[in-house]
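Q: The structure follows.
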Amino acid sequence: MNINTSPASLGKSSAQVTPGYMSGFGNSFETEALPGALPIGRNSPQRCAYGLYAEQLSGSPFTAPRGTNERSWLYRIRPSVKHSGRFGRVDAGLWRTAPCHEQEIVVEQLRWDPTPIPQGEMTFLAGVQTMTTAGDAATQCGMAAHVYLITKSMIDQHFYDADGELLFVLQQGQLRFVTEFGRIDAEPGEIVVIPRGVKFRVEIPAGAARGYLCENYGGALTLPERGPIGANCLANARDFLTPVAAYEDQDTPTELFVKWGGALFRTELPHSPIDVVAWHGNYAPYKYDLRRFSPVGAIAFDHPDPSIFTVLTSPSETAGTANIDFVIFPERWLVADNTFRPPWYHMNIMSEFMGLIYGVYDAKPHGFVPGGISLHNCMLPHGPDREAFEHASNGELKPVKLTGTMAFMFETRFPQRITAHAASSPARQHDYADCWKGLDKRFDPSRPQLPPAQ
């Protein structure tokens, strides 16, 4: 493998920025792996330096408003038309795309144990297992939630997703993303976003890996509006990292896989498609460390809505209604007085796919473990199990810091249909609803309970 980066790209950034990355969210970046490879003052000169080809990659319609217009100019060894051959359809394994009606709608709360990592060799493409789908990829709305299992790096294989943007939530094991825009190294506790149409391969530098993957068919993920919170806290733009340019000048055979229209296609190339020597623009992959999220919460009473923990959102055409919200539940202080501190019992118009990256989730201390999944669909009630209820109802209300925990949620306005694989998985907990069995009747009209004196 021959990855080339320039000292100019890697060198004199602030000491607070990880070498090999540029900081900021939605910035118009520029980076080159060879000096002078990036044209100045124009996008498509008559002749590019080093004999490169100029090519634009657009993530939005040309006429999208400035705030949502996404595009980057790439200066590459070969144009992408040379990264395309005669594609043949291949088996997509357990990867499914909405609409997917292979399983009847299940009107119940659902939960799964962690999916075991297999013993045999499994690359990223072979290791994607779809759990739920929602919406319709063809109309660019909705999402799919997957688990990925990886025991082998992609070698002489590359991939891009034409159906959606990919949000990786790392849970176990490190990943390396070798992309057209540069290289991203990530570890559990971090997320990586690969935009629609960006070519990449996934490598595992230190053993097997498992995590969660959200395929976003709708509008690109962006930072949520903070409203009355103001200019700071939540996910700060400076903590998002985009890679500097890096390229491979490698004339050896490789496979290119494309997910398009819900199907997987394959072609053979005589060279690596990771050949972008320079680029500029605001359409690029990035990573973010969830541990840098600055949570806000109740400092007097009541448990706030989970929306205040939104890291990224994919907006819909309806203001305030997300195609997808990516929400986390990180380390934080609980200080609310005379308050039931865990999430309250509720029914929600949104559908919630939840996972645990590490630690213990306060509303479900047992049965929901790192690598596990729960699904609470539209208008299906859910909330703390009996143990969490008893502890929160009777515990001393002193300030408590939740430490060593990180849970997340893919929340969407669409009902999430489980796949046949998810329905029949040995990891499915068929007794999940039993966690609420112990919530006995407590009502006694002869004993009114007044709140404690203030």
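Please note that chains go A, B, ... in the order of the structure tokens, that every chain numbers its residues from 1, and that ligands are numbered from 1 in the order shown.
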Step one, run DSSP on the backbone; step two, keep only residues of segment 347-452 of chain A assigned to strand (DSSP E or B); then write them as a list in words.
A: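 Strand (DSSP E or B) assignments inside segment 347-452 of chain A correspond to Ser351, Glu352, Phe353, Met354, Gly355, Leu356, Ile357, Tyr358, Tyr361, Lys364, Ile373, Ser374, Leu375, His376, His382, Val400, Lys401, Leu402, Met406, Ala407, Phe408, Met409, Phe410, Glu411, Thr412, Arg417, Ile418 and Arg428 of chain A.
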Q: Write a file of the selected residues as a PDB file, in the first residue's frame, keeping C-alpha atoms.
A:
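Once written, out-v3.pdb looks like this:
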ATOM      1  CA  SER A 351     -39.385   5.514  16.671  1.00  0.00           C
ATOM      2  CA  GLU A 352     -36.327   4.815  18.792  1.00  0.00           C
ATOM      3  CA  PHE A 353     -33.501   2.405  17.926  1.00  0.00           C
ATOM      4  CA  MET A 354     -31.141   2.389  20.883  1.00  0.00           C
ATOM      5  CA  GLY A 355     -27.696   0.921  21.502  1.00  0.00           C
ATOM      6  CA  LEU A 356     -25.184   0.874  24.349  1.00  0.00           C
ATOM      7  CA  ILE A 357     -21.544   1.575  23.525  1.00  0.00           C
ATOM      8  CA  TYR A 358     -20.158   1.024  27.019  1.00  0.00           C
ATOM      9  CA  TYR A 361     -27.821   2.638  31.006  1.00  0.00           C
ATOM     10  CA  LYS A 364     -32.247  -0.445  32.238  1.00  0.00           C
ATOM     11  CA  ILE A 373     -30.065  -3.073  20.943  1.00  0.00           C
ATOM     12  CA  SER A 374     -33.574  -2.022  21.857  1.00  0.00           C
ATOM     13  CA  LEU A 375     -36.390  -0.861  19.568  1.00  0.00           C
ATOM     14  CA  HIS A 376     -39.359   1.166  20.810  1.00  0.00           C
ATOM     15  CA  HIS A 382     -41.652   2.178  27.301  1.00  0.00           C
ATOM     16  CA  VAL A 400     -24.988  11.831  41.426  1.00  0.00           C
ATOM     17  CA  LYS A 401     -22.573  11.666  38.518  1.00  0.00           C
ATOM     18  CA  LEU A 402     -23.223   9.010  35.874  1.00  0.00           C
ATOM     19  CA  MET A 406     -22.397   6.006  26.694  1.00  0.00           C
ATOM     20  CA  ALA A 407     -25.705   5.040  25.098  1.00  0.00           C
ATOM     21  CA  PHE A 408     -27.157   6.371  21.855  1.00  0.00           C
ATOM     22  CA  MET A 409     -30.369   6.484  19.853  1.00  0.00           C
ATOM     23  CA  PHE A 410     -31.260   6.609  16.150  1.00  0.00           C
ATOM     24  CA  GLU A 411     -34.653   8.305  16.297  1.00  0.00           C
ATOM     25  CA  THR A 412     -36.827   8.742  13.207  1.00  0.00           C
ATOM     26  CA  ARG A 417     -39.704  -2.469  10.482  1.00  0.00           C
ATOM     27  CA  ILE A 418     -37.462  -5.274  11.682  1.00  0.00           C
ATOM     28  CA  ARG A 428     -33.443 -11.524  20.387  1.00  0.00           C
TER      29      ARG A 428
END
Q: From segment 248-423 of chain A, collect each residue whose DSSP state is alpha helix (DSSP H) and return the set as a JSON list (two decimals) with all heavy atoms, in the first residue's frame.
A:
[["chain", "number", "residue", "atom", "x", "y", "z"],
["A", 386, "ARG", "N", -38.48, -2.33, 36.50],
["A", 386, "ARG", "CA", -38.90, -2.27, 37.90],
["A", 386, "ARG", "C", -37.75, -1.85, 38.82],
["A", 386, "ARG", "O", -37.93, -1.01, 39.72],
["A", 386, "ARG", "CB", -39.45, -3.63, 38.35],
["A", 386, "ARG", "CG", -40.02, -3.62, 39.78],
["A", 386, "ARG", "CD", -40.18, -5.02, 40.32],
["A", 386, "ARG", "NE", -38.90, -5.72, 40.37],
["A", 386, "ARG", "CZ", -37.99, -5.55, 41.34],
["A", 386, "ARG", "NH1", -38.20, -4.71, 42.33],
["A", 386, "ARG", "NH2", -36.86, -6.23, 41.32],
["A", 387, "GLU", "N", -36.58, -2.42, 38.63],
["A", 387, "GLU", "CA", -35.45, -2.10, 39.51],
["A", 387, "GLU", "C", -35.08, -0.63, 39.42],
["A", 387, "GLU", "O", -34.84, 0.03, 40.44],
["A", 387, "GLU", "CB", -34.24, -2.97, 39.13],
["A", 387, "GLU", "CG", -33.02, -2.70, 40.02],
["A", 387, "GLU", "CD", -31.83, -3.56, 39.66],
["A", 387, "GLU", "OE1", -32.01, -4.57, 38.95],
["A", 387, "GLU", "OE2", -30.72, -3.22, 40.09],
["A", 388, "ALA", "N", -35.04, -0.09, 38.20],
["A", 388, "ALA", "CA", -34.71, 1.32, 38.03],
["A", 388, "ALA", "C", -35.78, 2.20, 38.66],
["A", 388, "ALA", "O", -35.47, 3.24, 39.27],
["A", 388, "ALA", "CB", -34.55, 1.65, 36.54],
["A", 389, "PHE", "N", -37.04, 1.80, 38.52],
["A", 389, "PHE", "CA", -38.14, 2.58, 39.12],
["A", 389, "PHE", "C", -38.01, 2.62, 40.64],
["A", 389, "PHE", "O", -38.14, 3.68, 41.26],
["A", 389, "PHE", "CB", -39.49, 2.00, 38.71],
["A", 389, "PHE", "CG", -40.66, 2.68, 39.35],
["A", 389, "PHE", "CD1", -41.16, 3.86, 38.82],
["A", 389, "PHE", "CD2", -41.24, 2.16, 40.51],
["A", 389, "PHE", "CE1", -42.22, 4.51, 39.43],
["A", 389, "PHE", "CE2", -42.31, 2.81, 41.12],
["A", 389, "PHE", "CZ", -42.79, 3.99, 40.58],
["A", 390, "GLU", "N", -37.80, 1.47, 41.25],
["A", 390, "GLU", "CA", -37.72, 1.41, 42.71],
["A", 390, "GLU", "C", -36.53, 2.23, 43.21],
["A", 390, "GLU", "O", -36.64, 2.96, 44.20],
["A", 390, "GLU", "CB", -37.60, -0.04, 43.17],
["A", 390, "GLU", "CG", -38.84, -0.88, 42.90],
["A", 390, "GLU", "CD", -40.03, -0.44, 43.73],
["A", 390, "GLU", "OE1", -39.83, 0.28, 44.74],
["A", 390, "GLU", "OE2", -41.17, -0.80, 43.37],
["A", 391, "HIS", "N", -35.41, 2.10, 42.53],
["A", 391, "HIS", "CA", -34.21, 2.82, 42.97],
["A", 391, "HIS", "C", -34.42, 4.33, 42.86],
["A", 391, "HIS", "O", -34.09, 5.09, 43.79],
["A", 391, "HIS", "CB", -33.01, 2.39, 42.14],
["A", 391, "HIS", "CG", -31.75, 3.14, 42.47],
["A", 391, "HIS", "ND1", -31.02, 2.88, 43.60],
["A", 391, "HIS", "CD2", -31.11, 4.15, 41.82],
["A", 391, "HIS", "CE1", -29.97, 3.68, 43.64],
["A", 391, "HIS", "NE2", -30.00, 4.47, 42.57],
["A", 392, "ALA", "N", -34.99, 4.79, 41.73],
["A", 392, "ALA", "CA", -35.18, 6.22, 41.52],
["A", 392, "ALA", "C", -36.27, 6.78, 42.41],
["A", 392, "ALA", "O", -36.23, 7.97, 42.78],
["A", 392, "ALA", "CB", -35.52, 6.49, 40.06],
["A", 393, "SER", "N", -37.25, 5.97, 42.79],
["A", 393, "SER", "CA", -38.36, 6.45, 43.61],
["A", 393, "SER", "C", -37.99, 6.55, 45.09],
["A", 393, "SER", "O", -38.60, 7.33, 45.83],
["A", 393, "SER", "CB", -39.57, 5.51, 43.47],
["A", 393, "SER", "OG", -40.03, 5.48, 42.14],
["A", 394, "ASN", "N", -37.02, 5.77, 45.52],
["A", 394, "ASN", "CA", -36.72, 5.68, 46.95],
["A", 394, "ASN", "C", -35.30, 6.11, 47.31],
["A", 394, "ASN", "O", -34.96, 6.21, 48.49],
["A", 394, "ASN", "CB", -36.93, 4.25, 47.44],
["A", 394, "ASN", "CG", -38.37, 3.79, 47.23],
["A", 394, "ASN", "OD1", -39.30, 4.38, 47.77],
["A", 394, "ASN", "ND2", -38.56, 2.75, 46.44],
["A", 420, "ALA", "N", -36.17, -9.93, 8.64],
["A", 420, "ALA", "CA", -36.31, -11.35, 8.98],
["A", 420, "ALA", "C", -35.13, -11.81, 9.82],
["A", 420, "ALA", "O", -35.28, -12.61, 10.76],
["A", 420, "ALA", "CB", -36.43, -12.17, 7.71],
["A", 421, "HIS", "N", -33.94, -11.30, 9.50],
["A", 421, "HIS", "CA", -32.76, -11.65, 10.30],
["A", 421, "HIS", "C", -32.92, -11.21, 11.74],
["A", 421, "HIS", "O", -32.65, -11.97, 12.68],
["A", 421, "HIS", "CB", -31.51, -11.00, 9.69],
["A", 421, "HIS", "CG", -30.34, -10.97, 10.62],
["A", 421, "HIS", "ND1", -29.64, -12.11, 10.97],
["A", 421, "HIS", "CD2", -29.78, -9.95, 11.32],
["A", 421, "HIS", "CE1", -28.69, -11.78, 11.83],
["A", 421, "HIS", "NE2", -28.74, -10.49, 12.06],
["A", 422, "ALA", "N", -33.39, -9.96, 11.95],
["A", 422, "ALA", "CA", -33.55, -9.46, 13.31],
["A", 422, "ALA", "C", -34.62, -10.25, 14.07],
["A", 422, "ALA", "O", -34.49, -10.54, 15.27],
["A", 422, "ALA", "CB", -33.91, -7.98, 13.28],
["A", 423, "ALA", "N", -35.69, -10.62, 13.36],
["A", 423, "ALA", "CA", -36.79, -11.35, 14.00],
["A", 423, "ALA", "C", -36.36, -12.73, 14.47],
["A", 423, "ALA", "O", -36.82, -13.21, 15.52],
["A", 423, "ALA", "CB", -37.97, -11.46, 13.04]]
Q: Can you check which parts of segment 47-96 of chain A lie within 8 Å of segment 283-287 of chain A? Per residue, the shortest pair of atoms and distance in Å to one decimal, counting only C-alpha atoms, sorted by chain and number, as a Markdown table.
A:
| residue | atom | partner | partner_atom | distance |
| --- | --- | --- | --- | --- |
| A:Leu57 | CA | A:Tyr283 | CA | 7.7 |
| A:Ser58 | CA | A:Tyr283 | CA | 7.4 |
| A:Gly59 | CA | A:Tyr283 | CA | 6.6 |
| A:Glu70 | CA | A:Tyr283 | CA | 5.3 |
| A:Arg71 | CA | A:Tyr283 | CA | 5.0 |
| A:Ser72 | CA | A:Tyr283 | CA | 5.3 |
Q: Could you list, as a ChimeraX atom specification, every residue within 10 Å of Gly51 of chain A, counting only C-alpha atoms and ignoring same-chain residues fewer than 5 positions away?
A: /A:37,75-78
Q: Could the residues in this selection be written to a file with N, CA, C and O atoms, as a PDB file, in the first residue's frame?
A:
ATOM      1  N   ALA A  37      -0.854  21.218  -6.045  1.00  0.00           N
ATOM      2  CA  ALA A  37      -1.849  20.364  -6.705  1.00  0.00           C
ATOM      3  C   ALA A  37      -3.233  20.999  -6.709  1.00  0.00           C
ATOM      4  O   ALA A  37      -4.062  20.689  -7.568  1.00  0.00           O
ATOM      5  N   TYR A  75      -9.170  16.621  -7.170  1.00  0.00           N
ATOM      6  CA  TYR A  75      -8.122  16.629  -8.202  1.00  0.00           C
ATOM      7  C   TYR A  75      -7.407  15.293  -8.112  1.00  0.00           C
ATOM      8  O   TYR A  75      -6.650  15.029  -7.189  1.00  0.00           O
ATOM      9  N   ARG A  76      -7.732  14.435  -9.103  1.00  0.00           N
ATOM     10  CA  ARG A  76      -7.397  13.033  -8.963  1.00  0.00           C
ATOM     11  C   ARG A  76      -6.599  12.514 -10.146  1.00  0.00           C
ATOM     12  O   ARG A  76      -6.574  13.121 -11.226  1.00  0.00           O
ATOM     13  N   ILE A  77      -5.969  11.369  -9.934  1.00  0.00           N
ATOM     14  CA  ILE A  77      -5.115  10.774 -10.961  1.00  0.00           C
ATOM     15  C   ILE A  77      -5.946  10.313 -12.146  1.00  0.00           C
ATOM     16  O   ILE A  77      -5.536  10.452 -13.308  1.00  0.00           O
ATOM     17  N   ARG A  78      -7.098   9.762 -11.872  1.00  0.00           N
ATOM     18  CA  ARG A  78      -8.047   9.357 -12.918  1.00  0.00           C
ATOM     19  C   ARG A  78      -9.435   9.855 -12.533  1.00  0.00           C
ATOM     20  O   ARG A  78      -9.790   9.823 -11.358  1.00  0.00           O
TER      21      ARG A  78
END
Q: Here is a test: counting only C-alpha atoms, which residue of A:Pro228, A:Gly197, A:Pro45, A:Gly173 is nearest to Tyr148 of chain A?
A: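 For Tyr148 of chain A, the nearest of the candidates is A:Gly173.
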Q: Tell me, counting only C-alpha atoms, for each residue of segment 267-368 of chain A within 12 Å of segment 230-237 of chain A, which pair of atoms is nearest and how far apart they are in Å to one decimal, in rows ordered by chain and increasing number, as a Markdown table.
A:
| residue | atom | partner | partner_atom | distance |
| --- | --- | --- | --- | --- |
| A:Tyr286 | CA | A:Ala237 | CA | 11.5 |
| A:Lys287 | CA | A:Ala237 | CA | 11.3 |
| A:Tyr288 | CA | A:Ala235 | CA | 8.9 |
| A:Asp289 | CA | A:Ala235 | CA | 9.4 |
| A:Leu290 | CA | A:Ala235 | CA | 8.2 |
| A:Arg291 | CA | A:Ala235 | CA | 9.7 |
| A:Arg292 | CA | A:Ala235 | CA | 7.2 |
| A:Phe293 | CA | A:Ala235 | CA | 4.9 |
| A:Ser294 | CA | A:Leu234 | CA | 4.6 |
| A:Pro295 | CA | A:Leu234 | CA | 5.4 |
| A:Val296 | CA | A:Cys233 | CA | 7.2 |
| A:Gly297 | CA | A:Leu234 | CA | 10.6 |
| A:Ser307 | CA | A:Leu234 | CA | 10.7 |
| A:Ile308 | CA | A:Leu234 | CA | 7.8 |
| A:Phe309 | CA | A:Leu234 | CA | 6.9 |
| A:Thr310 | CA | A:Leu234 | CA | 7.4 |
| A:Val311 | CA | A:Ala235 | CA | 5.7 |
| A:Leu312 | CA | A:Ala235 | CA | 8.2 |
| A:Thr313 | CA | A:Ala235 | CA | 11.5 |
| A:Phe326 | CA | A:Ala235 | CA | 11.4 |
| A:Val327 | CA | A:Leu234 | CA | 10.5 |
| A:Ile328 | CA | A:Leu234 | CA | 10.3 |
| A:Phe329 | CA | A:Leu234 | CA | 11.5 |
| A:Pro330 | CA | A:Leu234 | CA | 11.0 |
Q: Take the residues from that selection and write them out as a short mmCIF file (atom, residue, chain, number, x, y, z; two decimals), in the first residue's frame, keeping N, CA, C and O atoms.
A:
data_model
loop_
_atom_site.label_atom_id
_atom_site.label_comp_id
_atom_site.auth_asym_id
_atom_site.auth_seq_id
_atom_site.Cartn_x
_atom_site.Cartn_y
_atom_site.Cartn_z
N TYR A 286 -15.99 12.73 7.98
CA TYR A 286 -15.48 13.32 9.21
C TYR A 286 -15.69 12.36 10.37
O TYR A 286 -16.43 11.37 10.26
N LYS A 287 -15.02 12.68 11.48
CA LYS A 287 -15.23 11.91 12.71
C LYS A 287 -15.46 12.87 13.87
O LYS A 287 -15.15 14.06 13.80
N TYR A 288 -16.01 12.31 14.96
CA TYR A 288 -16.30 13.10 16.15
C TYR A 288 -16.19 12.20 17.37
O TYR A 288 -16.67 11.06 17.37
N ASP A 289 -15.56 12.72 18.41
CA ASP A 289 -15.41 12.00 19.68
C ASP A 289 -16.61 12.35 20.56
O ASP A 289 -16.76 13.49 21.01
N LEU A 290 -17.48 11.37 20.81
CA LEU A 290 -18.69 11.59 21.59
C LEU A 290 -18.39 12.05 23.02
O LEU A 290 -19.22 12.67 23.67
N ARG A 291 -17.19 11.77 23.49
CA ARG A 291 -16.83 12.15 24.85
C ARG A 291 -16.58 13.65 24.97
O ARG A 291 -16.43 14.18 26.08
N ARG A 292 -16.56 14.36 23.84
CA ARG A 292 -16.41 15.81 23.86
C ARG A 292 -17.77 16.53 23.85
O ARG A 292 -17.81 17.76 23.87
N PHE A 293 -18.83 15.78 23.80
CA PHE A 293 -20.17 16.37 23.85
C PHE A 293 -20.38 17.06 25.20
O PHE A 293 -20.09 16.49 26.24
N SER A 294 -20.88 18.29 25.18
CA SER A 294 -21.09 19.06 26.40
C SER A 294 -22.58 19.07 26.72
O SER A 294 -23.34 19.87 26.16
N PRO A 295 -23.04 18.18 27.61
CA PRO A 295 -24.48 18.06 27.86
C PRO A 295 -25.01 19.21 28.70
O PRO A 295 -24.31 19.80 29.51
N VAL A 296 -26.28 19.52 28.48
CA VAL A 296 -27.00 20.44 29.36
C VAL A 296 -28.19 19.66 29.92
O VAL A 296 -28.61 18.66 29.35
N GLY A 297 -28.73 20.11 31.03
CA GLY A 297 -29.82 19.35 31.64
C GLY A 297 -30.52 20.15 32.72
O GLY A 297 -30.23 21.33 32.94
N SER A 307 -34.18 15.26 23.49
CA SER A 307 -33.72 16.06 22.36
C SER A 307 -32.54 16.96 22.72
O SER A 307 -31.77 17.37 21.83
N ILE A 308 -32.37 17.27 24.01
CA ILE A 308 -31.23 18.12 24.38
C ILE A 308 -29.90 17.38 24.27
O ILE A 308 -28.84 17.99 24.42
N PHE A 309 -29.95 16.08 24.00
CA PHE A 309 -28.73 15.30 23.82
C PHE A 309 -28.48 14.99 22.34
O PHE A 309 -27.74 14.06 22.01
N THR A 310 -29.08 15.75 21.43
CA THR A 310 -28.91 15.50 20.00
C THR A 310 -27.52 15.94 19.55
O THR A 310 -27.13 17.10 19.73
N VAL A 311 -26.79 15.01 18.94
CA VAL A 311 -25.46 15.32 18.38
C VAL A 311 -25.61 15.80 16.94
O VAL A 311 -25.06 16.85 16.56
N LEU A 312 -26.33 15.04 16.12
CA LEU A 312 -26.52 15.35 14.72
C LEU A 312 -27.98 15.09 14.35
O LEU A 312 -28.63 14.22 14.94
N THR A 313 -28.46 15.81 13.36
CA THR A 313 -29.83 15.61 12.90
C THR A 313 -29.90 15.65 11.39
O THR A 313 -29.17 16.39 10.74
N PHE A 326 -29.65 11.76 15.82
CA PHE A 326 -28.67 10.92 16.49
C PHE A 326 -28.43 11.53 17.87
O PHE A 326 -27.90 12.63 17.99
N VAL A 327 -28.86 10.80 18.90
CA VAL A 327 -28.89 11.29 20.27
C VAL A 327 -27.99 10.40 21.12
O VAL A 327 -27.95 9.18 20.93
N ILE A 328 -27.28 11.00 22.08
CA ILE A 328 -26.45 10.19 22.98
C ILE A 328 -26.83 10.49 24.43
O ILE A 328 -27.43 11.52 24.75
N PHE A 329 -26.46 9.55 25.31
CA PHE A 329 -26.67 9.70 26.74
C PHE A 329 -25.31 9.47 27.41
O PHE A 329 -24.95 8.35 27.77
N PRO A 330 -24.53 10.55 27.55
CA PRO A 330 -23.15 10.43 28.01
C PRO A 330 -23.02 10.58 29.52
O PRO A 330 -24.02 10.69 30.24
#
Q: Skipping near chain neighbours, those fewer than 5 positions away, what residues fall within 12 Å of Ile349 of chain A using only C-alpha atoms, listed as a compact mmCIF listing (two decimals) with N, CA, C and O atoms, in the first residue's frame?
A:
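Full text of around07.txt as output:
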# COMPACT_ATOMS: atom_id res chain seq x y z
N THR A 321 -39.26 18.33 12.83
CA THR A 321 -39.51 16.88 12.75
C THR A 321 -38.37 16.24 11.97
O THR A 321 -38.22 16.49 10.77
N ALA A 322 -37.57 15.43 12.64
CA ALA A 322 -36.35 14.93 12.03
C ALA A 322 -36.60 13.68 11.18
O ALA A 322 -37.41 12.82 11.54
N HIS A 376 -38.06 0.72 20.32
CA HIS A 376 -39.36 1.17 20.81
C HIS A 376 -39.99 1.98 19.69
O HIS A 376 -39.62 3.13 19.46
N ASN A 377 -40.92 1.37 19.00
CA ASN A 377 -41.50 1.98 17.81
C ASN A 377 -42.55 3.02 18.16
O ASN A 377 -42.96 3.17 19.31
N CYS A 378 -43.00 3.70 17.12
CA CYS A 378 -43.99 4.76 17.23
C CYS A 378 -45.20 4.33 18.08
O CYS A 378 -45.82 3.31 17.81
N MET A 379 -45.49 5.10 19.13
CA MET A 379 -46.66 4.92 19.99
C MET A 379 -46.70 3.58 20.72
O MET A 379 -47.77 3.08 21.05
N LEU A 380 -45.52 3.01 20.99
CA LEU A 380 -45.44 1.85 21.86
C LEU A 380 -44.81 2.29 23.18
O LEU A 380 -43.72 2.86 23.19
N PRO A 381 -45.47 2.07 24.32
CA PRO A 381 -45.00 2.62 25.60
C PRO A 381 -43.71 1.94 26.05
O PRO A 381 -43.46 0.76 25.79
N GLU A 411 -33.23 8.02 16.18
CA GLU A 411 -34.65 8.31 16.30
C GLU A 411 -35.16 8.85 14.96
O GLU A 411 -34.55 9.73 14.37
N THR A 412 -36.29 8.33 14.49
CA THR A 412 -36.83 8.74 13.21
C THR A 412 -38.33 8.93 13.28
O THR A 412 -39.00 8.33 14.13
N ARG A 413 -38.88 9.75 12.39
CA ARG A 413 -40.33 9.97 12.34
C ARG A 413 -41.06 8.78 11.74
O ARG A 413 -42.28 8.71 11.82
N PHE A 414 -40.33 7.84 11.12
CA PHE A 414 -40.96 6.69 10.46
C PHE A 414 -40.98 5.47 11.38
O PHE A 414 -40.05 5.25 12.15
N PRO A 415 -42.02 4.63 11.29
CA PRO A 415 -41.96 3.33 11.97
C PRO A 415 -40.80 2.51 11.42
O PRO A 415 -40.52 2.53 10.22
N GLN A 416 -40.12 1.81 12.31
CA GLN A 416 -39.00 0.97 11.90
C GLN A 416 -39.46 -0.48 11.84
O GLN A 416 -39.89 -1.05 12.84
Q: Taking only C-alpha atoms into account, name the residue in A:Val369, A:Tyr212, A:His346, A:Asn338 that is nearest to Lys398 of chain A.
A: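 Looking at the shortest contact to Lys398 of chain A, the residue is A:Asn338.
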Q: Skip Glu215 of chain A itself and residues of its chain fewer than 4 positions away, then list as a ChimeraX atom specification all residues within 8 Å of it, counting only C-alpha atoms.
A: /A:143-146,164-167
Q: Mind writing the picked residues with C-alpha atoms as a PDB file, in the first residue's frame?
A:
ATOM      1  CA  MET A 143     -33.111   5.166   7.300  1.00  0.00           C
ATOM      2  CA  ALA A 144     -31.828   1.700   8.068  1.00  0.00           C
ATOM      3  CA  ALA A 145     -30.143   0.572  11.293  1.00  0.00           C
ATOM      4  CA  HIS A 146     -27.478  -2.102  11.021  1.00  0.00           C
ATOM      5  CA  GLY A 164     -27.418   6.996   1.696  1.00  0.00           C
ATOM      6  CA  GLU A 165     -24.995   8.604   4.089  1.00  0.00           C
ATOM      7  CA  LEU A 166     -23.303   6.221   6.543  1.00  0.00           C
ATOM      8  CA  LEU A 167     -22.961   6.958  10.271  1.00  0.00           C
TER       9      LEU A 167
END
Q: Pick the closest to Glu180 of chain A from A:Thr151, A:Thr242, A:Ser314, A:Asn43: which is it, counting only C-alpha atoms?
A: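 Among the listed residues, A:Thr242 lies closest to Glu180 of chain A.
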Q: With only C-alpha atoms as the counted atoms, please give the residues lying no more than 6 Å from segment 298-302 of chain A, apart from itself and same-chain residues fewer than 5 positions off, as an mmCIF file with all heavy atoms, in the first residue's frame.
A:
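Result saved to out21.cif:
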data_model
loop_
_atom_site.group_PDB
_atom_site.id
_atom_site.type_symbol
_atom_site.label_atom_id
_atom_site.label_comp_id
_atom_site.auth_asym_id
_atom_site.auth_seq_id
_atom_site.Cartn_x
_atom_site.Cartn_y
_atom_site.Cartn_z
ATOM 1 N N VAL A 335 -28.872 16.161 39.237
ATOM 2 C CA VAL A 335 -28.991 16.981 40.440
ATOM 3 C C VAL A 335 -30.431 17.430 40.712
ATOM 4 O O VAL A 335 -30.684 18.112 41.700
ATOM 5 C CB VAL A 335 -28.088 18.236 40.338
ATOM 6 C CG1 VAL A 335 -26.632 17.837 40.198
ATOM 7 C CG2 VAL A 335 -28.517 19.124 39.163
ATOM 8 N N ALA A 336 -31.380 17.073 39.844
ATOM 9 C CA ALA A 336 -32.748 17.572 39.976
ATOM 10 C C ALA A 336 -33.344 17.169 41.331
ATOM 11 O O ALA A 336 -33.243 16.014 41.757
ATOM 12 C CB ALA A 336 -33.606 17.051 38.833
ATOM 13 N N ASP A 337 -33.994 18.131 41.961
ATOM 14 C CA ASP A 337 -34.563 17.918 43.296
ATOM 15 C C ASP A 337 -36.027 17.486 43.187
ATOM 16 O O ASP A 337 -36.747 17.910 42.284
ATOM 17 C CB ASP A 337 -34.455 19.214 44.096
ATOM 18 C CG ASP A 337 -34.723 18.993 45.577
ATOM 19 O OD1 ASP A 337 -34.475 17.871 46.066
ATOM 20 O OD2 ASP A 337 -35.180 19.948 46.235
ATOM 21 N N THR A 339 -37.448 14.841 42.150
ATOM 22 C CA THR A 339 -37.633 14.462 40.744
ATOM 23 C C THR A 339 -37.336 12.983 40.543
ATOM 24 O O THR A 339 -36.378 12.441 41.117
ATOM 25 C CB THR A 339 -36.690 15.294 39.841
ATOM 26 O OG1 THR A 339 -37.108 16.659 39.876
ATOM 27 C CG2 THR A 339 -36.693 14.802 38.408
#
Q: Show me, as a PyMOL selection string, the residues that have an atom within 9 Å of Gly367 of chain A when counting only C-alpha atoms, minus same-chain residues fewer than 5 positions from it.
A: chain A and resi 111-113+372+429+432+435
Q: Which of these, A:Gly24, A:Asp385, A:Gly404, A:Arg47, has the shortest distance to Gly438 of chain A once you count only C-alpha atoms?
A: A:Asp385
Q: Would you please work out which residue, of A:Gln46, A:Thr97, A:Thr419, A:Ser60, is nearest to Arg196 of chain A when using only C-alpha atoms?
A: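 Closest candidate: A:Ser60.
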Q: Pick out the closest residue to Arg341 of chain A from this set: A:Arg442, A:Leu170, A:Asp325, A:Gly395. Count only C-alpha atoms.
A: A:Gly395
Q: Quick one: which segment 83-166 of chain A residues come within 12 Å of segment 246-253 of chain A, and what is the nearest atom pair for each with the distance in Å to one decimal, counting only C-alpha atoms, rows ordered by chain and ascending number, as a tab-separated table?
A:
residue	atom	partner	partner_atom	distance
A:His83	CA	A:Pro253	CA	11.5
A:Ile155	CA	A:Pro253	CA	10.5
A:Asp156	CA	A:Pro253	CA	6.9
A:Gln157	CA	A:Pro253	CA	9.1
A:His158	CA	A:Pro253	CA	11.1
Q: For those residues, write C-alpha atoms to a file as a CSV table (one decimal), in the first residue's frame.
A:
chain,number,residue,atom,x,y,z
A,83,HIS,CA,-13.4,3.8,-11.6
A,155,ILE,CA,-7.9,-5.8,0.8
A,156,ASP,CA,-8.0,-4.7,-2.9
A,157,GLN,CA,-11.7,-3.9,-2.2
A,158,HIS,CA,-13.5,-0.6,-2.2
